[in-house]
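Structure file input_36.txt with compact mmCIF, C-alpha atoms:
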# COMPACT_ATOMS: atom_id res chain seq x y z
CA MET A 1 24.05 -32.59 16.68
CA LYS A 2 24.20 -29.62 14.29
CA THR A 3 22.05 -26.66 15.32
CA GLN A 4 19.28 -25.87 12.83
CA GLU A 5 20.09 -22.62 11.03
CA LEU A 6 17.41 -19.97 11.51
CA PRO A 7 15.80 -18.43 8.41
CA LYS A 8 17.05 -14.97 7.49
CA SER A 9 14.85 -11.94 8.06
CA GLY A 10 14.08 -8.75 6.15
CA PHE A 11 14.99 -8.48 2.47
CA ALA A 12 17.69 -11.12 2.94
CA GLY A 13 14.92 -13.49 4.00
CA LEU A 14 12.84 -12.53 0.95
CA LYS A 15 15.73 -13.48 -1.33
CA ALA A 16 16.75 -16.63 0.55
CA HIS A 17 13.26 -18.09 1.14
CA PHE A 18 11.26 -16.60 -1.73
CA LYS A 19 10.00 -19.93 -3.12
CA ASP A 20 8.89 -21.36 0.26
CA ASP A 21 7.14 -18.16 1.36
CA PHE A 22 5.55 -17.54 -2.04
CA ILE A 23 4.03 -21.05 -2.17
CA ALA A 24 2.87 -20.83 1.48
CA GLY A 25 1.36 -17.38 0.90
CA PHE A 26 -0.53 -18.62 -2.15
CA SER A 27 -1.84 -21.69 -0.30
CA VAL A 28 -3.01 -19.61 2.66
CA SER A 29 -4.71 -17.08 0.35
CA LEU A 30 -6.92 -19.89 -0.97
CA ILE A 31 -8.03 -20.63 2.60
CA ALA A 32 -8.33 -16.95 3.53
CA LEU A 33 -10.56 -15.81 0.65
CA PRO A 34 -13.75 -17.70 1.60
CA LEU A 35 -13.14 -17.28 5.33
CA CYS A 36 -12.65 -13.50 5.01
CA LEU A 37 -15.92 -13.22 3.05
CA GLY A 38 -17.80 -15.40 5.52
CA ILE A 39 -16.47 -13.63 8.62
CA ALA A 40 -17.43 -10.23 7.18
CA ILE A 41 -20.97 -11.32 6.30
CA ALA A 42 -21.42 -12.99 9.71
CA SER A 43 -20.20 -9.77 11.37
CA GLY A 44 -22.91 -7.73 9.64
CA PHE A 45 -20.30 -5.98 7.48
CA PRO A 46 -20.09 -5.99 3.65
CA PRO A 47 -18.05 -8.94 2.26
CA LEU A 48 -15.37 -6.51 1.05
CA ALA A 49 -14.52 -5.65 4.68
CA GLY A 50 -12.96 -9.04 5.37
CA ILE A 51 -10.76 -8.97 2.29
CA ILE A 52 -9.60 -5.41 3.08
CA THR A 53 -8.36 -6.51 6.50
CA ALA A 54 -6.46 -9.52 5.16
CA ILE A 55 -4.84 -7.40 2.44
CA VAL A 56 -3.78 -4.69 4.92
CA GLY A 57 -2.59 -7.40 7.32
CA GLY A 58 -0.46 -9.00 4.65
CA LEU A 59 0.94 -5.96 2.88
CA PHE A 60 1.32 -3.61 5.87
CA ALA A 61 1.14 -5.34 9.26
CA SER A 62 3.48 -8.14 8.20
CA ARG A 63 6.26 -5.58 7.63
CA ILE A 64 6.25 -4.48 11.30
CA ALA A 65 5.07 -7.71 12.95
CA GLY A 66 6.77 -9.18 16.00
CA THR A 67 6.05 -12.72 14.84
CA PHE A 68 7.63 -14.91 12.17
CA VAL A 69 5.05 -17.12 10.47
CA THR A 70 1.65 -15.88 11.69
CA ILE A 71 -1.02 -14.75 9.24
CA SER A 72 -2.92 -11.57 10.10
CA GLY A 73 -6.48 -10.75 9.12
CA PRO A 74 -10.09 -10.99 10.31
CA ALA A 75 -10.96 -13.80 12.72
CA ALA A 76 -14.06 -15.76 13.66
CA GLY A 77 -13.40 -14.95 17.32
CA LEU A 78 -14.24 -11.28 16.69
CA ILE A 79 -17.53 -11.89 14.84
CA VAL A 80 -19.56 -11.48 18.02
CA ILE A 81 -17.94 -8.13 18.91
CA SER A 82 -18.26 -6.80 15.35
CA LEU A 83 -21.87 -7.88 14.97
CA GLY A 84 -22.79 -6.44 18.36
CA ALA A 85 -21.10 -3.13 17.58
CA ALA A 86 -22.84 -2.72 14.22
CA THR A 87 -26.21 -3.79 15.67
CA THR A 88 -26.16 -1.41 18.66
CA MET A 89 -24.98 1.56 16.59
CA GLY A 90 -27.57 1.47 13.85
CA GLY A 91 -28.02 -1.97 12.37
CA ALA A 92 -25.98 -4.87 10.99
CA GLY A 93 -26.14 -6.65 7.66
CA VAL A 94 -27.51 -5.88 4.23
CA GLU A 95 -31.10 -6.19 5.51
CA ASN A 96 -30.47 -3.11 7.69
CA GLY A 97 -28.55 -1.24 5.02
CA PHE A 98 -25.31 -1.69 7.01
CA ALA A 99 -26.50 1.30 9.07
CA GLY A 100 -24.12 0.63 11.97
CA TYR A 101 -21.14 -0.32 9.80
CA GLU A 102 -19.39 3.05 9.56
CA HIS A 103 -19.89 3.72 13.30
CA ALA A 104 -18.35 0.32 14.08
CA LEU A 105 -15.40 1.27 11.87
CA GLY A 106 -14.84 4.33 14.08
CA ALA A 107 -14.75 2.10 17.17
CA ILE A 108 -12.24 -0.24 15.48
CA VAL A 109 -9.94 2.69 14.61
CA ILE A 110 -9.78 3.78 18.26
CA ALA A 111 -9.49 0.20 19.54
CA GLY A 112 -6.53 -0.32 17.20
CA LEU A 113 -4.79 2.74 18.62
CA ILE A 114 -5.40 1.38 22.14
CA MET A 115 -3.72 -1.88 21.06
CA VAL A 116 -0.75 0.14 19.82
CA ALA A 117 -0.62 1.77 23.28
CA PHE A 118 -0.75 -1.69 24.89
CA GLY A 119 2.29 -2.68 22.86
CA LEU A 120 4.20 0.51 23.70
CA LEU A 121 3.42 -0.03 27.39
CA LYS A 122 4.81 -3.60 27.18
CA VAL A 123 1.48 -5.24 28.04
CA GLY A 124 2.42 -8.31 25.98
CA LYS A 125 3.99 -10.08 28.95
CA VAL A 126 0.54 -10.10 30.61
CA GLY A 127 -0.31 -12.87 28.14
CA ASP A 128 1.68 -15.26 30.32
CA PHE A 129 -0.81 -14.75 33.17
CA PHE A 130 -4.15 -15.26 31.40
CA PRO A 131 -6.10 -18.19 32.86
CA THR A 132 -6.08 -20.64 29.98
CA ALA A 133 -9.41 -22.14 31.03
CA ALA A 134 -11.14 -18.73 30.91
CA VAL A 135 -9.75 -17.98 27.45
CA HIS A 136 -10.81 -21.38 26.14
CA GLY A 137 -14.24 -20.85 27.71
CA MET A 138 -14.58 -17.52 25.91
CA LEU A 139 -13.57 -19.06 22.58
CA ALA A 140 -15.94 -22.00 23.09
CA ALA A 141 -18.79 -19.56 23.78
CA ILE A 142 -17.91 -17.61 20.63
CA GLY A 143 -17.95 -20.93 18.76
CA CYS A 144 -21.47 -21.66 20.06
CA ILE A 145 -22.65 -18.19 19.05
CA ILE A 146 -21.20 -18.59 15.54
CA ILE A 147 -22.94 -21.96 15.13
CA ILE A 148 -26.28 -20.54 16.28
CA LYS A 149 -26.05 -17.38 14.16
CA GLN A 150 -24.82 -19.12 11.01
CA PHE A 151 -27.33 -21.98 11.20
CA PHE A 152 -29.99 -19.72 9.66
CA PRO A 153 -28.12 -18.58 6.50
CA ALA A 154 -26.81 -22.15 6.16
CA ILE A 155 -30.39 -23.40 5.68
CA GLY A 156 -31.51 -20.33 3.74
CA VAL A 157 -33.88 -18.66 6.22
CA PRO A 158 -33.78 -15.10 7.62
CA SER A 159 -31.88 -14.71 10.89
CA PRO A 160 -34.16 -13.80 13.82
CA LYS A 161 -33.44 -10.80 16.04
CA GLY A 162 -32.77 -10.92 19.76
CA GLU A 163 -30.26 -12.17 22.34
CA ILE A 164 -28.30 -15.28 21.45
CA LEU A 165 -30.34 -17.64 23.67
CA GLU A 166 -33.56 -16.26 22.17
CA VAL A 167 -32.14 -16.79 18.68
CA ALA A 168 -31.16 -20.36 19.59
CA SER A 169 -34.71 -21.08 20.76
CA GLU A 170 -35.97 -20.24 17.25
CA ILE A 171 -33.97 -23.02 15.57
CA PRO A 172 -36.69 -25.73 15.99
CA ASN A 173 -39.28 -23.32 14.56
CA VAL A 174 -37.42 -22.61 11.30
CA ILE A 175 -36.23 -26.09 10.37
CA GLY A 176 -39.48 -26.75 8.51
CA SER A 177 -38.92 -23.58 6.45
CA ALA A 178 -35.42 -24.54 5.32
CA SER A 179 -34.56 -24.03 1.66
CA ILE A 180 -33.68 -27.36 0.07
CA TYR A 181 -31.26 -25.48 -2.22
CA ALA A 182 -29.32 -23.75 0.59
CA LEU A 183 -29.39 -26.92 2.68
CA THR A 184 -27.90 -28.93 -0.20
CA ILE A 185 -25.08 -26.41 -0.59
CA SER A 186 -24.39 -26.45 3.17
CA LEU A 187 -24.35 -30.23 3.45
CA VAL A 188 -21.95 -30.54 0.51
CA ALA A 189 -19.67 -27.92 2.09
CA LEU A 190 -19.72 -29.63 5.49
CA ALA A 191 -19.06 -33.04 3.93
CA ILE A 192 -15.97 -31.66 2.17
CA LEU A 193 -14.66 -29.98 5.34
CA ILE A 194 -15.12 -33.17 7.36
CA ILE A 195 -13.77 -35.64 4.80
CA HIS A 196 -10.82 -33.62 3.43
CA PRO A 197 -8.51 -34.12 6.47
CA MET A 198 -9.11 -37.89 6.31
CA LEU A 199 -8.00 -38.28 2.69
CA LYS A 200 -4.41 -39.25 1.90
CA ILE A 201 -4.46 -38.49 -1.84
CA LYS A 202 -1.66 -35.99 -2.53
CA MET A 203 -3.43 -34.21 -5.40
CA ILE A 204 -6.48 -33.55 -3.23
CA LYS A 205 -4.44 -32.51 -0.18
CA MET A 206 -2.58 -29.93 -2.28
CA ILE A 207 -5.76 -27.83 -2.45
CA PRO A 208 -7.08 -26.68 0.98
CA ALA A 209 -10.56 -27.75 2.06
CA PRO A 210 -12.17 -24.24 1.90
CA MET A 211 -11.10 -23.94 -1.74
CA TRP A 212 -12.56 -27.39 -2.49
CA VAL A 213 -15.81 -26.09 -0.99
CA LEU A 214 -15.83 -23.27 -3.56
CA ILE A 215 -14.81 -25.59 -6.40
CA ALA A 216 -17.80 -27.83 -5.57
CA THR A 217 -20.46 -25.30 -4.56
CA ILE A 218 -19.98 -22.65 -7.27
CA PRO A 219 -20.98 -24.99 -10.14
CA LEU A 220 -23.61 -26.60 -7.87
CA ALA A 221 -25.15 -23.17 -7.24
CA ALA A 222 -25.15 -22.47 -10.99
CA ALA A 223 -26.92 -25.80 -11.61
CA ILE A 224 -29.50 -25.12 -8.88
CA GLY A 225 -30.03 -21.57 -10.11
CA THR A 226 -28.50 -18.60 -8.32
CA GLN A 227 -31.95 -16.99 -8.18
CA ASN A 228 -32.85 -19.68 -5.63
CA LEU A 229 -29.91 -18.81 -3.34
CA ASN A 230 -28.45 -15.84 -1.50
CA MET A 231 -25.18 -14.99 -3.24
CA VAL A 232 -22.15 -12.91 -2.26
CA LYS A 233 -22.42 -9.35 -3.55
CA MET A 234 -19.25 -7.35 -4.21
CA PRO A 235 -18.72 -3.74 -5.36
CA HIS A 236 -17.60 -3.39 -8.96
CA ASN A 237 -16.12 0.05 -8.27
CA LEU A 238 -13.96 0.03 -5.15
CA PHE A 239 -14.02 3.83 -5.02
CA GLY A 240 -17.78 4.07 -5.56
CA SER A 241 -20.60 4.24 -3.03
CA GLU A 242 -20.40 0.49 -2.27
CA GLY A 243 -16.60 0.29 -2.13
CA PHE A 244 -14.19 1.62 0.47
CA LYS A 245 -15.86 3.33 3.44
CA LEU A 246 -14.57 5.94 5.86
CA PRO A 247 -15.21 5.47 9.60
CA SER A 248 -17.77 7.60 11.41
CA PHE A 249 -17.24 9.04 14.89
CA GLU A 250 -20.76 10.44 15.27
CA LYS A 251 -21.52 7.95 18.08
CA ILE A 252 -18.35 8.69 20.05
CA ALA A 253 -20.35 10.22 22.90
CA THR A 254 -22.52 7.11 23.35
CA SER A 255 -21.97 4.16 25.67
CA ALA A 256 -22.50 1.71 22.77
CA PHE A 257 -19.47 3.18 21.00
CA TRP A 258 -17.15 2.77 24.00
CA ILE A 259 -18.46 -0.70 24.82
CA ALA A 260 -17.53 -1.65 21.25
CA VAL A 261 -14.09 -0.02 21.58
CA THR A 262 -13.43 -1.93 24.81
CA GLY A 263 -14.57 -5.22 23.31
CA PHE A 264 -12.51 -4.80 20.15
CA ALA A 265 -9.36 -3.75 22.05
CA LEU A 266 -9.43 -6.41 24.77
CA VAL A 267 -10.55 -9.41 22.72
CA SER A 268 -8.22 -8.52 19.84
CA ALA A 269 -5.29 -8.14 22.25
CA ILE A 270 -6.00 -11.45 24.01
CA GLU A 271 -6.50 -13.40 20.79
CA THR A 272 -3.41 -11.89 19.16
CA MET A 273 -1.19 -12.85 22.10
CA LEU A 274 -2.62 -16.35 22.37
CA SER A 275 -2.35 -16.96 18.62
CA ALA A 276 1.25 -15.73 18.51
CA LYS A 277 2.23 -18.01 21.39
CA ALA A 278 0.40 -20.96 19.85
CA VAL A 279 2.12 -20.47 16.48
CA ASP A 280 5.50 -20.19 18.22
CA SER A 281 4.92 -23.72 19.49
CA LEU A 282 4.27 -24.88 15.88
CA ASP A 283 7.29 -23.09 14.40
CA PRO A 284 9.86 -25.79 13.50
CA TYR A 285 12.63 -23.27 14.31
CA LYS A 286 11.15 -22.56 17.78
CA ARG A 287 11.52 -18.79 17.42
CA THR A 288 9.92 -16.61 20.10
CA SER A 289 7.61 -13.79 19.04
CA ASN A 290 7.88 -10.26 20.40
CA LEU A 291 4.31 -9.94 21.69
CA ASP A 292 4.55 -6.19 22.32
CA LYS A 293 5.75 -5.53 18.78
CA ASP A 294 3.04 -7.79 17.39
CA MET A 295 0.42 -5.93 19.42
CA ILE A 296 1.62 -2.69 17.83
CA SER A 297 1.46 -4.16 14.32
CA MET A 298 -2.02 -5.65 14.80
CA GLY A 299 -3.34 -2.45 16.39
CA ALA A 300 -1.91 -0.25 13.64
CA GLY A 301 -3.16 -2.70 11.03
CA SER A 302 -6.67 -2.70 12.52
CA SER A 303 -6.84 1.09 12.53
CA LEU A 304 -5.57 1.31 8.95
CA ALA A 305 -7.97 -1.40 7.73
CA ALA A 306 -10.95 0.24 9.47
CA ALA A 307 -9.98 3.60 7.98
CA ILE A 308 -10.93 2.20 4.56
CA GLY A 309 -13.77 -0.09 5.62
CA GLY A 310 -12.15 -3.22 7.08
CA LEU A 311 -12.79 -5.53 10.02
CA PRO A 312 -10.54 -5.65 13.12
CA MET A 313 -7.28 -7.54 12.65
CA ILE A 314 -5.48 -10.16 14.72
CA SER A 315 -2.84 -12.85 14.28
CA GLU A 316 -5.11 -15.70 13.21
CA ILE A 317 -4.35 -19.25 14.41
CA VAL A 318 -6.03 -21.43 11.74
CA ARG A 319 -4.45 -19.67 8.76
CA SER A 320 -1.15 -19.39 10.63
CA SER A 321 -1.13 -23.16 11.23
CA ALA A 322 -1.74 -23.72 7.51
CA ASN A 323 1.09 -21.29 6.79
CA VAL A 324 3.52 -23.34 8.88
CA ASN A 325 2.27 -26.61 7.37
CA ASN A 326 2.89 -25.23 3.88
CA GLY A 327 6.54 -24.51 4.64
CA ALA A 328 6.55 -20.77 5.41
CA LYS A 329 9.88 -19.47 6.68
CA THR A 330 9.39 -15.73 7.28
CA THR A 331 6.82 -12.92 7.46
CA TRP A 332 7.02 -12.63 3.67
CA SER A 333 4.51 -15.50 3.39
CA ASN A 334 1.98 -13.23 5.14
CA PHE A 335 2.89 -10.47 2.67
CA PHE A 336 2.34 -12.78 -0.33
CA HIS A 337 -0.99 -13.98 1.13
CA GLY A 338 -2.15 -10.34 1.20
CA LEU A 339 -0.80 -9.70 -2.29
CA PHE A 340 -2.69 -12.67 -3.77
CA LEU A 341 -5.91 -11.50 -2.08
CA LEU A 342 -5.41 -8.06 -3.63
CA VAL A 343 -5.08 -9.70 -7.05
CA TYR A 344 -8.28 -11.72 -6.44
CA LEU A 345 -10.10 -8.52 -5.47
CA LEU A 346 -8.91 -6.62 -8.54
CA ILE A 347 -9.56 -9.27 -11.18
CA GLY A 348 -11.79 -11.91 -9.60
CA VAL A 349 -14.95 -10.09 -8.43
CA ALA A 350 -17.09 -11.91 -11.01
CA VAL A 351 -15.96 -15.26 -9.60
CA ILE A 352 -16.41 -14.15 -5.97
CA GLU A 353 -20.04 -13.24 -6.77
CA MET A 354 -20.65 -16.85 -7.83
CA ILE A 355 -20.14 -18.00 -4.22
CA PRO A 356 -23.38 -18.96 -2.37
CA ILE A 357 -23.66 -17.51 1.13
CA ALA A 358 -24.85 -20.92 2.40
CA ALA A 359 -21.38 -22.33 1.61
CA LEU A 360 -19.68 -19.59 3.64
CA ALA A 361 -22.16 -20.09 6.50
CA ALA A 362 -21.41 -23.82 6.52
CA MET A 363 -17.66 -23.08 6.75
CA LEU A 364 -18.30 -20.84 9.75
CA VAL A 365 -20.53 -23.46 11.42
CA PHE A 366 -17.61 -25.87 11.02
CA THR A 367 -15.21 -23.27 12.45
CA GLY A 368 -17.57 -22.64 15.37
CA PHE A 369 -17.74 -26.36 16.09
CA ARG A 370 -13.96 -26.54 16.26
CA LEU A 371 -13.93 -23.68 18.79
CA ALA A 372 -16.62 -25.38 20.90
CA SER A 373 -15.61 -28.97 20.18
CA PRO A 374 -16.39 -31.68 22.78
CA LYS A 375 -12.61 -32.20 22.82
CA GLU A 376 -12.31 -28.80 24.54
CA PHE A 377 -14.58 -29.94 27.38
CA LYS A 378 -12.69 -33.23 27.66
CA HIS A 379 -9.34 -31.43 27.68
CA MET A 380 -10.44 -29.11 30.51
CA PHE A 381 -11.75 -32.06 32.51
CA LYS A 382 -8.39 -33.84 32.16
CA ILE A 383 -6.51 -30.76 33.39
CA GLY A 384 -8.62 -30.53 36.55
CA LEU A 385 -12.06 -29.82 37.97
CA ILE A 386 -11.19 -26.21 38.86
CA GLU A 387 -10.16 -25.49 35.24
CA LEU A 388 -13.34 -27.18 33.99
CA GLU A 389 -15.41 -25.02 36.35
CA ILE A 390 -13.70 -21.80 35.15
CA PHE A 391 -14.18 -22.95 31.54
CA LEU A 392 -17.91 -23.63 32.02
CA VAL A 393 -18.59 -20.46 34.03
CA THR A 394 -16.91 -18.36 31.34
CA LEU A 395 -18.77 -20.22 28.57
CA PHE A 396 -22.22 -19.69 30.12
CA ALA A 397 -21.45 -16.12 31.22
CA VAL A 398 -20.55 -15.11 27.65
CA LEU A 399 -23.63 -16.85 26.24
CA ALA A 400 -25.90 -15.22 28.84
CA THR A 401 -24.54 -11.71 28.33
Can you turn what I pasted into structure tokens?
Amino acid sequence: MKTQELPKSGFAGLKAHFKDDFIAGFSVSLIALPLCLGIAIASGFPPLAGIITAIVGGLFASRIAGTFVTISGPAAGLIVISLGAATTMGGAGVENGFAGYEHALGAIVIAGLIMVAFGLLKVGKVGDFFPTAAVHGMLAAIGCIIIIKQFFPAIGVPSPKGEILEVASEIPNVIGSASIYALTISLVALAILIIHPMLKIKMIKMIPAPMWVLIATIPLAAAIGTQNLNMVKMPHNLFGSEGFKLPSFEKIATSAFWIAVTGFALVSAIETMLSAKAVDSLDPYKRTSNLDKDMISMGAGSSLAAAIGGLPMISEIVRSSANVNNGAKTTWSNFFHGLFLLVYLLIGVAVIEMIPIAALAAMLVFTGFRLASPKEFKHMFKIGLIELEIFLVTLFAVLAT
């Protein structure tokens, strides 16, 4: 049997596989746009922060990546760390004036440099020794936290303060106060996300589910009346007071700062390695990523993104899977995904501001459910009782702490 010829790399790959990578990059950008906005808002950062990270990941990190078809950018798995960092160092979200945002950026810059050091020290091979059950337990716990946190904006009520279990206990108390407008938007979004994979109509499948959510909810929000909903707010001058932000290191002598640095560095490193290995298994050419090189690219990308106001960066599994499914051949698809997002940012702010936050919250609730799906529990049980025990202990430990 003839051996499958591997795609070319570098500028030769750009020339040879331009069409495949261009189409894949465009398709992934449609998925990335709403997710980047939603992840940033859920992290207590301005919406712009998520797009900055995806653009830097595509245009910069992809050029030095150790992977082949992964997509780099912000990830749902880091929402908890980002939100915690911003909260403990001044305040998260627009309701607190993003008071902890610039301090969190400082922590991300240093965490990114630590990831670069991990790569230079060849820590990537440690990824082979991570207990899979513990990692899945951590991701399932993050999924639960995302669901709990995003339930409130999904139904249009203010998010309560407190530890995650305290916040969860407030859910029954706020259901009666739900906004019928936000709830309508969220239910439509969830219906699309659930039904889309089941449909076999080619014309519908050509457009990814998150983009269908925007296509449906933007006009629905206009019909309802945007004054009745919380809407995405974007800066109209990227170099103005609400645009790019520089990191602050004022809190560098505090324990909260170094707890954030540790969380960003370790979780980003673990998720990057796991995502790269997972995408290698999806790659039709069965290429093997250089995990150390990828750690360097994601660390450098995180530091650069945070230097202008972005979230931490990792190789992201959901968008990477979509990249493979759309026929990507090389890292240029990641580059094109970042380039398209830059175009959207420069000329599409007016459209982005038509997006209701309830739609983004519903997407994240759906993402959280996939991380904490009952299938995960069933899978661990099938592997063995010891793995299930490690999975559950990790899950409850993360939720409790």
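Straight-line separation from atom CA of Lys122 of chain A to atom CA of Ile110 of chain A: 18.6 Å.
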Next item on the list: Can you pull out every residue within 7 Å of segment 139-153 of chain A, counting all atoms listed in the file, but drop anything in the same chain fewer than 5 positions away, and send it as a list in words?
Entry: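 In the requested form, the answer reads Gly77, Val80, Pro158, Ser159, Ile164, Ala168, Ala358, Ala361, Leu364, Val365, Gly368, Phe369, Leu371, Ala372, Leu395, Val398 and Leu399 of chain A.
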Notebook entry, point to check: Nearest to Ser82 of chain A among A:Ala111, A:Leu339, A:Ala189, A:Met203, with distances taken over all atoms listed in the file: which residue is it?
Noted result: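 Of all the options, A:Ala111 lies closest to Ser82 of chain A.
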Checklist line | Residues near segment 204-219 of chain A, cut-off 10 Å, all atoms listed in the file, skip fewer than 6 positions along chain, as a PyMOL selection string | finding: chain A and resi 27-35+184-186+188-198+225-226+322+326+351-356+358-360+362-363
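Within 10 Å of Phe244 of chain A, once all atoms listed in the file are used and residues closer than 5 positions along the same chain are dropped, the contacting residues are A:Leu48, A:Ala49, A:Ile52, A:Pro235, A:Asn237, A:Leu238, A:Phe239, A:Ala306, A:Ala307, A:Ile308, A:Gly309, A:Gly310.
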Given the selection you just returned, output its residues as a file containing C-alpha atoms, formatted as a tab-separated table (two decimals), in the frame of the given file.
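Written out: result-v2.tsv:
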chain	number	residue	atom	x	y	z
A	48	LEU	CA	-15.37	-6.51	1.05
A	49	ALA	CA	-14.52	-5.65	4.68
A	52	ILE	CA	-9.60	-5.41	3.08
A	235	PRO	CA	-18.72	-3.74	-5.36
A	237	ASN	CA	-16.12	0.05	-8.27
A	238	LEU	CA	-13.96	0.03	-5.15
A	239	PHE	CA	-14.02	3.83	-5.02
A	306	ALA	CA	-10.95	0.24	9.47
A	307	ALA	CA	-9.98	3.60	7.98
A	308	ILE	CA	-10.93	2.20	4.56
A	309	GLY	CA	-13.77	-0.09	5.62
A	310	GLY	CA	-12.15	-3.22	7.08
Item checked: Gly84 of chain A surroundings by all atoms listed in the file, 10 Å radius, close-in-sequence under 3 positions cut, as a list in words -> Ser43, Gly44, Leu78, Ile79, Val80, Ile81, Thr87, Thr88, Met89, Gly91, Ala92, Gly100, Ala104, Ala256, Ile259, Ala260 and Gly263 of chain A
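Of note, atom CA of Thr401 of chain A and atom CA of Leu165 of chain A are spaced 9.5 Å apart.
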Fewer than 5 positions away in the same chain doesn't count, so skip those; otherwise give me all residues within 9 Å of Leu113 of chain A, counting all atoms listed in the file, as a CSV table (one decimal) with C-alpha atoms, keeping the file's coordinate frame.
chain,number,residue,atom,x,y,z
A,108,ILE,CA,-12.2,-0.2,15.5
A,118,PHE,CA,-0.8,-1.7,24.9
A,265,ALA,CA,-9.4,-3.8,22.0
A,296,ILE,CA,1.6,-2.7,17.8
A,299,GLY,CA,-3.3,-2.4,16.4
A,300,ALA,CA,-1.9,-0.2,13.6
A,302,SER,CA,-6.7,-2.7,12.5
A,303,SER,CA,-6.8,1.1,12.5
Test item: axis-aligned box, all listed atoms of segment 206-224 of chain A, 3 Å on each side, centre and edges in Å rounded to one decimal, as lines of an AutoDock Vina configuration file:
center_x = -16.0
center_y = -26.2
center_z = -4.8
size_x = 32.9
size_y = 13.5
size_z = 19.7
Check: Taking (6.6, -19.8, -1.2) in the file's coordinates, which residues come within 10 Å, counting only C-alpha atoms, written as number ranges by chain?
Finding: A: 14, 17-27, 323, 326-330, 332-333, 336-337
Restricting it to C-alpha atoms, dump the selection as an mmCIF file, in the frame of the given file.
data_model
loop_
_atom_site.group_PDB
_atom_site.id
_atom_site.type_symbol
_atom_site.label_atom_id
_atom_site.label_comp_id
_atom_site.auth_asym_id
_atom_site.auth_seq_id
_atom_site.Cartn_x
_atom_site.Cartn_y
_atom_site.Cartn_z
ATOM 1 C CA LEU A 14 12.840 -12.530 0.950
ATOM 2 C CA HIS A 17 13.260 -18.090 1.140
ATOM 3 C CA PHE A 18 11.260 -16.600 -1.730
ATOM 4 C CA LYS A 19 10.000 -19.930 -3.120
ATOM 5 C CA ASP A 20 8.890 -21.360 0.260
ATOM 6 C CA ASP A 21 7.140 -18.160 1.360
ATOM 7 C CA PHE A 22 5.550 -17.540 -2.040
ATOM 8 C CA ILE A 23 4.030 -21.050 -2.170
ATOM 9 C CA ALA A 24 2.870 -20.830 1.480
ATOM 10 C CA GLY A 25 1.360 -17.380 0.900
ATOM 11 C CA PHE A 26 -0.530 -18.620 -2.150
ATOM 12 C CA SER A 27 -1.840 -21.690 -0.300
ATOM 13 C CA ASN A 323 1.090 -21.290 6.790
ATOM 14 C CA ASN A 326 2.890 -25.230 3.880
ATOM 15 C CA GLY A 327 6.540 -24.510 4.640
ATOM 16 C CA ALA A 328 6.550 -20.770 5.410
ATOM 17 C CA LYS A 329 9.880 -19.470 6.680
ATOM 18 C CA THR A 330 9.390 -15.730 7.280
ATOM 19 C CA TRP A 332 7.020 -12.630 3.670
ATOM 20 C CA SER A 333 4.510 -15.500 3.390
ATOM 21 C CA PHE A 336 2.340 -12.780 -0.330
ATOM 22 C CA HIS A 337 -0.990 -13.980 1.130
#
